[in-house]
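These notes are about the structure you will find just below.
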Amino acid sequence: MIGFLASIGALFIAFLAALGRIASFAVQALAAAVTPPFFPRLILRQIVDIGYFSLPVVGLTAIFTGMVLALQSYTGFSRFNAESAVATVVVLSVTRELGPVIAGLMVAGRVGAAMAAEIGTMRVTDQIDALTTLSTDPLRYLVLPRLVAGFVALPFLVLVADIIGVFGGFLVGTYKLNFNPVSYLTQTGQHLETMDVVSGLVKAAVFGFVVTLMGCYHGYQSRGGAAGVGQATTYAVVSASILILLLDYVLTAVFFAK
């Protein structure tokens with residue numbers, strides 16, 4: 001019994017230590033934003049990479065999510081003669097939850113893995129040490145632009161995903177389920193509130209920061225050559241995905257708990 005409790009305590013202490021290292025890493029990177037030099041071109045490049053180049057995968061995922069959501073909602077609501085609620089369910093689900101969560105997970109798989117691999121390769125090939133030798137702060141040059149870009153780009157990406165997802169539900173609702181297009185759009189607008197969209201965008205900003213932080217942290221801490229880079233990539237995607245789902249619940253409770 002004592003050994004079992006000791007193992008649980010050791011895991012909890014290791015978790016707290018890892019959390020402290022990540023928090024310290026984030027604080028050190030953000031502290032670099034207070035003083036010059038700044039690298040606006042690097043931030044803009046990362047915004048394009050995270051936002052623009054992620055549009056195809058996020059848009060494709062969003063439209064099929066909206067279509068499936070409309071179809072499944074109609075199947076369930078038809079048992080209770082509540083088919084008219086399909087438009088409301090689609091728009092609220094996409095803007096509040098599915099838009100930011102799915103976009104965050106897709107970006108974690110695409111961008112988080114790429115960041116961990118890129119920075120991890122720089123670490124194991126001593127390029128980060130070379131930056132330090134040249135009096136360039138690696139956190140300011142490599143990490144800070146990615147954190148800022150993730151925080152800024154993902155809300156815009158989620159806004160586009162919301163529009164595409166709702167449009168996917170509209171397509172299924174009008175062409176397959178035979179809803180009246182005007183009635184569907186009217187009901188969508190009547191039940192959508194500003195807080196529904198704002199909460200999703202706030203989640204997106206937090207998720208963007210988390211995804212880039214996990215990618216940069218695990219890449220920056222990678223060791224052991226190619227195997228270490230592969231392990232860092234895996235850790236970045238898995239940890240970012242878990243944190244997205246965890247923070248989604250926390251933020252939902254903050255915005256909508258009564």
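By convention in this document, the chains of the structure tokens carry letters A, B, ... by their order, each chain's residues are numbered from 1, and ligands are numbered from 1 in the order they are shown.
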Mind checking which residues fall within 12 Å of Arg223 (chain A), counting only C-alpha atoms, ignoring those fewer than 3 positions away in the same chain, and posting them as an mmCIF file with N, CA and C atoms, in the first residue's frame?
```
data_model
loop_
_atom_site.group_PDB
_atom_site.id
_atom_site.type_symbol
_atom_site.label_atom_id
_atom_site.label_comp_id
_atom_site.auth_asym_id
_atom_site.auth_seq_id
_atom_site.Cartn_x
_atom_site.Cartn_y
_atom_site.Cartn_z
ATOM 1 N N ALA A 116 7.924 21.387 -33.519
ATOM 2 C CA ALA A 116 8.759 20.526 -32.684
ATOM 3 C C ALA A 116 9.880 19.899 -33.503
ATOM 4 N N ALA A 117 9.566 19.469 -34.720
ATOM 5 C CA ALA A 117 10.590 18.856 -35.571
ATOM 6 C C ALA A 117 11.649 19.877 -35.983
ATOM 7 N N ILE A 119 12.497 22.903 -34.534
ATOM 8 C CA ILE A 119 13.330 23.370 -33.425
ATOM 9 C C ILE A 119 14.139 22.219 -32.846
ATOM 10 N N GLY A 120 13.556 21.021 -32.808
ATOM 11 C CA GLY A 120 14.296 19.864 -32.321
ATOM 12 C C GLY A 120 15.502 19.556 -33.187
ATOM 13 N N THR A 121 15.353 19.663 -34.492
ATOM 14 C CA THR A 121 16.490 19.450 -35.391
ATOM 15 C C THR A 121 17.573 20.502 -35.167
ATOM 16 N N MET A 122 17.140 21.748 -34.936
ATOM 17 C CA MET A 122 18.110 22.801 -34.639
ATOM 18 C C MET A 122 18.836 22.530 -33.318
ATOM 19 N N ARG A 123 18.126 21.943 -32.372
ATOM 20 C CA ARG A 123 18.763 21.635 -31.091
ATOM 21 C C ARG A 123 19.804 20.529 -31.226
ATOM 22 N N VAL A 124 19.449 19.440 -31.870
ATOM 23 C CA VAL A 124 20.378 18.298 -31.937
ATOM 24 C C VAL A 124 21.532 18.552 -32.902
ATOM 25 N N THR A 125 21.383 19.521 -33.797
ATOM 26 C CA THR A 125 22.483 19.871 -34.702
ATOM 27 C C THR A 125 23.249 21.107 -34.231
ATOM 28 N N ASP A 126 23.002 21.525 -32.991
ATOM 29 C CA ASP A 126 23.736 22.620 -32.342
ATOM 30 C C ASP A 126 23.502 23.977 -32.984
ATOM 31 N N HIS A 218 8.774 21.245 -26.524
ATOM 32 C CA HIS A 218 9.296 19.883 -26.715
ATOM 33 C C HIS A 218 10.413 19.853 -27.752
ATOM 34 N N GLY A 219 10.323 20.699 -28.772
ATOM 35 C CA GLY A 219 11.425 20.781 -29.713
ATOM 36 C C GLY A 219 12.678 21.355 -29.077
ATOM 37 N N TYR A 220 12.506 22.380 -28.268
ATOM 38 C CA TYR A 220 13.647 23.040 -27.620
ATOM 39 C C TYR A 220 14.342 22.108 -26.628
ATOM 40 N N ALA A 226 18.068 11.927 -34.065
ATOM 41 C CA ALA A 226 16.813 11.794 -34.799
ATOM 42 C C ALA A 226 15.720 11.167 -33.943
ATOM 43 N N ALA A 227 16.090 10.210 -33.100
ATOM 44 C CA ALA A 227 15.094 9.573 -32.234
ATOM 45 C C ALA A 227 14.499 10.579 -31.257
ATOM 46 N N GLY A 228 15.334 11.473 -30.732
ATOM 47 C CA GLY A 228 14.843 12.495 -29.818
ATOM 48 C C GLY A 228 13.918 13.480 -30.498
ATOM 49 N N VAL A 229 14.221 13.814 -31.755
ATOM 50 C CA VAL A 229 13.347 14.725 -32.500
ATOM 51 C C VAL A 229 11.989 14.070 -32.753
ATOM 52 N N GLY A 230 11.985 12.797 -33.135
ATOM 53 C CA GLY A 230 10.717 12.096 -33.332
ATOM 54 C C GLY A 230 9.905 12.012 -32.058
ATOM 55 N N GLN A 231 10.571 11.761 -30.941
ATOM 56 C CA GLN A 231 9.869 11.699 -29.662
ATOM 57 C C GLN A 231 9.310 13.062 -29.284
ATOM 58 N N ALA A 232 10.071 14.124 -29.533
ATOM 59 C CA ALA A 232 9.590 15.478 -29.237
ATOM 60 C C ALA A 232 8.360 15.814 -30.071
ATOM 61 N N THR A 233 8.356 15.392 -31.328
ATOM 62 C CA THR A 233 7.204 15.634 -32.192
ATOM 63 C C THR A 233 5.959 14.941 -31.649
#
```
Neighbours of Gly215 (chain A) within 8 Å (only C-alpha atoms; same-chain residues fewer than 2 positions away dropped), as a list of chain:residue names? A:Val111, A:Gly112, A:Ala113, A:Ala114, A:Met115, A:Ala116, A:Val211, A:Thr212, A:Leu213, A:Tyr217, A:His218, A:Gly219, A:Thr233, A:Ala236, A:Val237, A:Ala240
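With only C-alpha atoms as the basis for measurement, A:Ala103 is the residue among A:Ala253, A:Ala14, A:Ala85, A:Ala103 that approaches Val160 (chain A) most closely.
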One decimal, in Å: what's the spacing between CA of Glu97 (chain A) and CA of Gly200 (chain A)?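 If I compute the distance from CA of Glu97 (chain A) to CA of Gly200 (chain A), I get 6.7 Å.
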Spatial neighbours of Tyr141 (chain A), 9 Å, only C-alpha atoms, chain gap at least 2 places, as a list in words: Phe38, Phe39, Leu42, Leu131, Thr136, Asp137, Pro138, Leu139, Val143, Leu144 and Pro145 of chain A
How would the residues just picked look written out with all heavy atoms as a short mmCIF file (atom, residue, chain, number, x, y, z; two decimals), in the first residue's frame?
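Now in selection-v1.cif:
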```
data_model
loop_
_atom_site.label_atom_id
_atom_site.label_comp_id
_atom_site.auth_asym_id
_atom_site.auth_seq_id
_atom_site.Cartn_x
_atom_site.Cartn_y
_atom_site.Cartn_z
N PHE A 38 13.07 43.28 -31.94
CA PHE A 38 11.88 42.55 -32.31
C PHE A 38 12.03 42.01 -33.75
O PHE A 38 12.82 42.54 -34.53
CB PHE A 38 10.64 43.44 -32.22
CG PHE A 38 10.49 44.09 -30.87
CD1 PHE A 38 10.70 45.45 -30.71
CD2 PHE A 38 10.15 43.34 -29.76
CE1 PHE A 38 10.57 46.06 -29.47
CE2 PHE A 38 10.02 43.93 -28.51
CZ PHE A 38 10.24 45.29 -28.36
N PHE A 39 11.27 41.00 -34.04
CA PHE A 39 11.37 40.36 -35.35
C PHE A 39 9.98 40.27 -35.98
O PHE A 39 9.38 39.18 -36.05
CB PHE A 39 12.00 38.97 -35.24
CG PHE A 39 13.38 38.98 -34.64
CD1 PHE A 39 13.56 38.72 -33.28
CD2 PHE A 39 14.49 39.25 -35.42
CE1 PHE A 39 14.83 38.71 -32.74
CE2 PHE A 39 15.75 39.25 -34.88
CZ PHE A 39 15.94 38.99 -33.53
N LEU A 42 9.47 37.68 -38.85
CA LEU A 42 9.32 36.29 -38.41
C LEU A 42 7.91 36.03 -37.91
O LEU A 42 7.34 34.96 -38.16
CB LEU A 42 10.34 35.98 -37.31
CG LEU A 42 11.81 35.97 -37.71
CD1 LEU A 42 12.69 35.68 -36.51
CD2 LEU A 42 12.05 34.94 -38.81
N LEU A 131 23.26 30.12 -32.29
CA LEU A 131 22.57 31.39 -32.11
C LEU A 131 23.02 32.08 -30.83
O LEU A 131 23.24 33.30 -30.80
CB LEU A 131 21.05 31.17 -32.08
CG LEU A 131 20.36 30.82 -33.40
CD1 LEU A 131 18.89 30.49 -33.15
CD2 LEU A 131 20.48 31.99 -34.38
N THR A 136 22.46 35.98 -30.10
CA THR A 136 21.04 36.03 -30.45
C THR A 136 20.28 35.14 -29.49
O THR A 136 20.59 33.94 -29.36
CB THR A 136 20.81 35.54 -31.89
OG1 THR A 136 21.54 36.39 -32.78
CG2 THR A 136 19.34 35.61 -32.26
N ASP A 137 19.31 35.71 -28.81
CA ASP A 137 18.52 34.95 -27.84
C ASP A 137 17.63 33.96 -28.59
O ASP A 137 16.74 34.37 -29.35
CB ASP A 137 17.66 35.90 -27.02
CG ASP A 137 16.88 35.18 -25.92
OD1 ASP A 137 17.05 33.95 -25.78
OD2 ASP A 137 16.09 35.84 -25.22
N PRO A 138 17.81 32.64 -28.40
CA PRO A 138 16.99 31.67 -29.13
C PRO A 138 15.50 31.78 -28.81
O PRO A 138 14.66 31.57 -29.69
CB PRO A 138 17.56 30.31 -28.67
CG PRO A 138 18.92 30.61 -28.16
CD PRO A 138 18.84 31.98 -27.58
N LEU A 139 15.19 32.11 -27.56
CA LEU A 139 13.78 32.24 -27.20
C LEU A 139 13.13 33.42 -27.92
O LEU A 139 11.99 33.35 -28.38
CB LEU A 139 13.63 32.40 -25.69
CG LEU A 139 14.04 31.20 -24.84
CD1 LEU A 139 13.87 31.51 -23.36
CD2 LEU A 139 13.23 29.97 -25.21
N VAL A 143 11.16 31.19 -30.51
CA VAL A 143 9.96 30.81 -29.78
C VAL A 143 8.93 31.93 -29.76
O VAL A 143 7.74 31.71 -30.05
CB VAL A 143 10.32 30.38 -28.34
CG1 VAL A 143 9.06 30.04 -27.54
CG2 VAL A 143 11.28 29.19 -28.36
N LEU A 144 9.34 33.14 -29.41
CA LEU A 144 8.39 34.25 -29.27
C LEU A 144 7.58 34.51 -30.53
O LEU A 144 6.35 34.68 -30.44
CB LEU A 144 9.13 35.51 -28.82
CG LEU A 144 8.25 36.75 -28.62
CD1 LEU A 144 7.22 36.50 -27.53
CD2 LEU A 144 9.12 37.96 -28.28
N PRO A 145 8.18 34.57 -31.73
CA PRO A 145 7.35 34.79 -32.93
C PRO A 145 6.29 33.71 -33.13
O PRO A 145 5.18 34.01 -33.59
CB PRO A 145 8.38 34.77 -34.07
CG PRO A 145 9.66 35.16 -33.43
CD PRO A 145 9.61 34.56 -32.06
#
```
Within 12 Å of Ile63 (chain A), counting only C-alpha atoms, which residues show up once you throw out same-chain ones fewer than 5 positions away? Write them as a list in words, please. Leu55, Pro56, Val57, Val58, Val68, Leu69, Ala70, Val90, Val94, Leu98, Gly99, Ile102, Ala103, Val160, Ala161, Asp162, Ile163, Ile164, Gly165, Val166, Phe167, Gly168, Gly169, Phe170, Leu171 and Val172 of chain A
For the selection you just gave me, I'd like the residues written to a file as a CSV table (one decimal), in the first residue's frame, keeping N, CA and C atoms.
```
chain,number,residue,atom,x,y,z
A,55,LEU,N,-5.6,26.7,-43.7
A,55,LEU,CA,-7.0,26.9,-44.2
A,55,LEU,C,-7.5,25.6,-44.9
A,56,PRO,N,-6.8,25.0,-45.8
A,56,PRO,CA,-7.4,23.9,-46.5
A,56,PRO,C,-7.9,22.7,-45.6
A,57,VAL,N,-7.0,22.3,-44.7
A,57,VAL,CA,-7.3,21.2,-43.8
A,57,VAL,C,-8.4,21.6,-42.8
A,58,VAL,N,-8.3,22.8,-42.3
A,58,VAL,CA,-9.3,23.2,-41.3
A,58,VAL,C,-10.7,23.4,-42.0
A,68,VAL,N,-22.2,16.6,-41.1
A,68,VAL,CA,-22.5,15.4,-40.2
A,68,VAL,C,-23.3,15.8,-39.0
A,69,LEU,N,-23.0,17.0,-38.5
A,69,LEU,CA,-23.8,17.5,-37.3
A,69,LEU,C,-25.2,17.7,-37.6
A,70,ALA,N,-25.5,18.3,-38.8
A,70,ALA,CA,-26.9,18.6,-39.2
A,70,ALA,C,-27.6,17.2,-39.4
A,90,VAL,N,-26.7,23.3,-34.9
A,90,VAL,CA,-25.5,23.4,-35.7
A,90,VAL,C,-24.7,24.6,-35.4
A,94,VAL,N,-21.1,24.6,-33.5
A,94,VAL,CA,-19.9,24.9,-34.3
A,94,VAL,C,-19.2,26.1,-33.7
A,98,LEU,N,-17.2,23.0,-31.6
A,98,LEU,CA,-16.5,22.3,-32.6
A,98,LEU,C,-15.6,23.1,-33.5
A,99,GLY,N,-15.9,24.3,-33.7
A,99,GLY,CA,-15.0,25.2,-34.5
A,99,GLY,C,-13.6,25.3,-33.9
A,102,ILE,N,-11.8,21.6,-33.1
A,102,ILE,CA,-11.4,20.9,-34.3
A,102,ILE,C,-10.2,21.7,-35.0
A,103,ALA,N,-10.4,23.0,-35.1
A,103,ALA,CA,-9.3,23.8,-35.7
A,103,ALA,C,-8.0,23.6,-34.8
A,160,VAL,N,-13.2,31.6,-39.8
A,160,VAL,CA,-13.4,31.1,-41.1
A,160,VAL,C,-14.0,29.7,-41.0
A,161,ALA,N,-13.5,28.9,-40.1
A,161,ALA,CA,-14.0,27.5,-39.8
A,161,ALA,C,-15.5,27.5,-39.4
A,162,ASP,N,-15.9,28.5,-38.6
A,162,ASP,CA,-17.3,28.7,-38.1
A,162,ASP,C,-18.2,28.9,-39.3
A,163,ILE,N,-17.8,29.8,-40.2
A,163,ILE,CA,-18.6,30.1,-41.4
A,163,ILE,C,-18.7,28.9,-42.3
A,164,ILE,N,-17.6,28.2,-42.5
A,164,ILE,CA,-17.7,27.0,-43.4
A,164,ILE,C,-18.5,25.9,-42.7
A,165,GLY,N,-18.3,25.7,-41.4
A,165,GLY,CA,-19.1,24.7,-40.7
A,165,GLY,C,-20.6,24.9,-40.8
A,166,VAL,N,-21.0,26.1,-40.5
A,166,VAL,CA,-22.4,26.5,-40.6
A,166,VAL,C,-22.9,26.3,-42.0
A,167,PHE,N,-22.1,26.7,-43.0
A,167,PHE,CA,-22.5,26.6,-44.4
A,167,PHE,C,-22.7,25.1,-44.7
A,168,GLY,N,-21.8,24.2,-44.2
A,168,GLY,CA,-22.0,22.8,-44.4
A,168,GLY,C,-23.3,22.3,-43.9
A,169,GLY,N,-23.7,22.7,-42.6
A,169,GLY,CA,-25.0,22.3,-42.1
A,169,GLY,C,-26.1,22.9,-42.9
A,170,PHE,N,-26.0,24.1,-43.5
A,170,PHE,CA,-27.0,24.7,-44.3
A,170,PHE,C,-27.2,23.9,-45.6
A,171,LEU,N,-26.1,23.4,-46.2
A,171,LEU,CA,-26.2,22.6,-47.4
A,171,LEU,C,-27.0,21.3,-47.2
A,172,VAL,N,-26.6,20.6,-46.1
A,172,VAL,CA,-27.3,19.4,-45.8
A,172,VAL,C,-28.8,19.7,-45.4
```
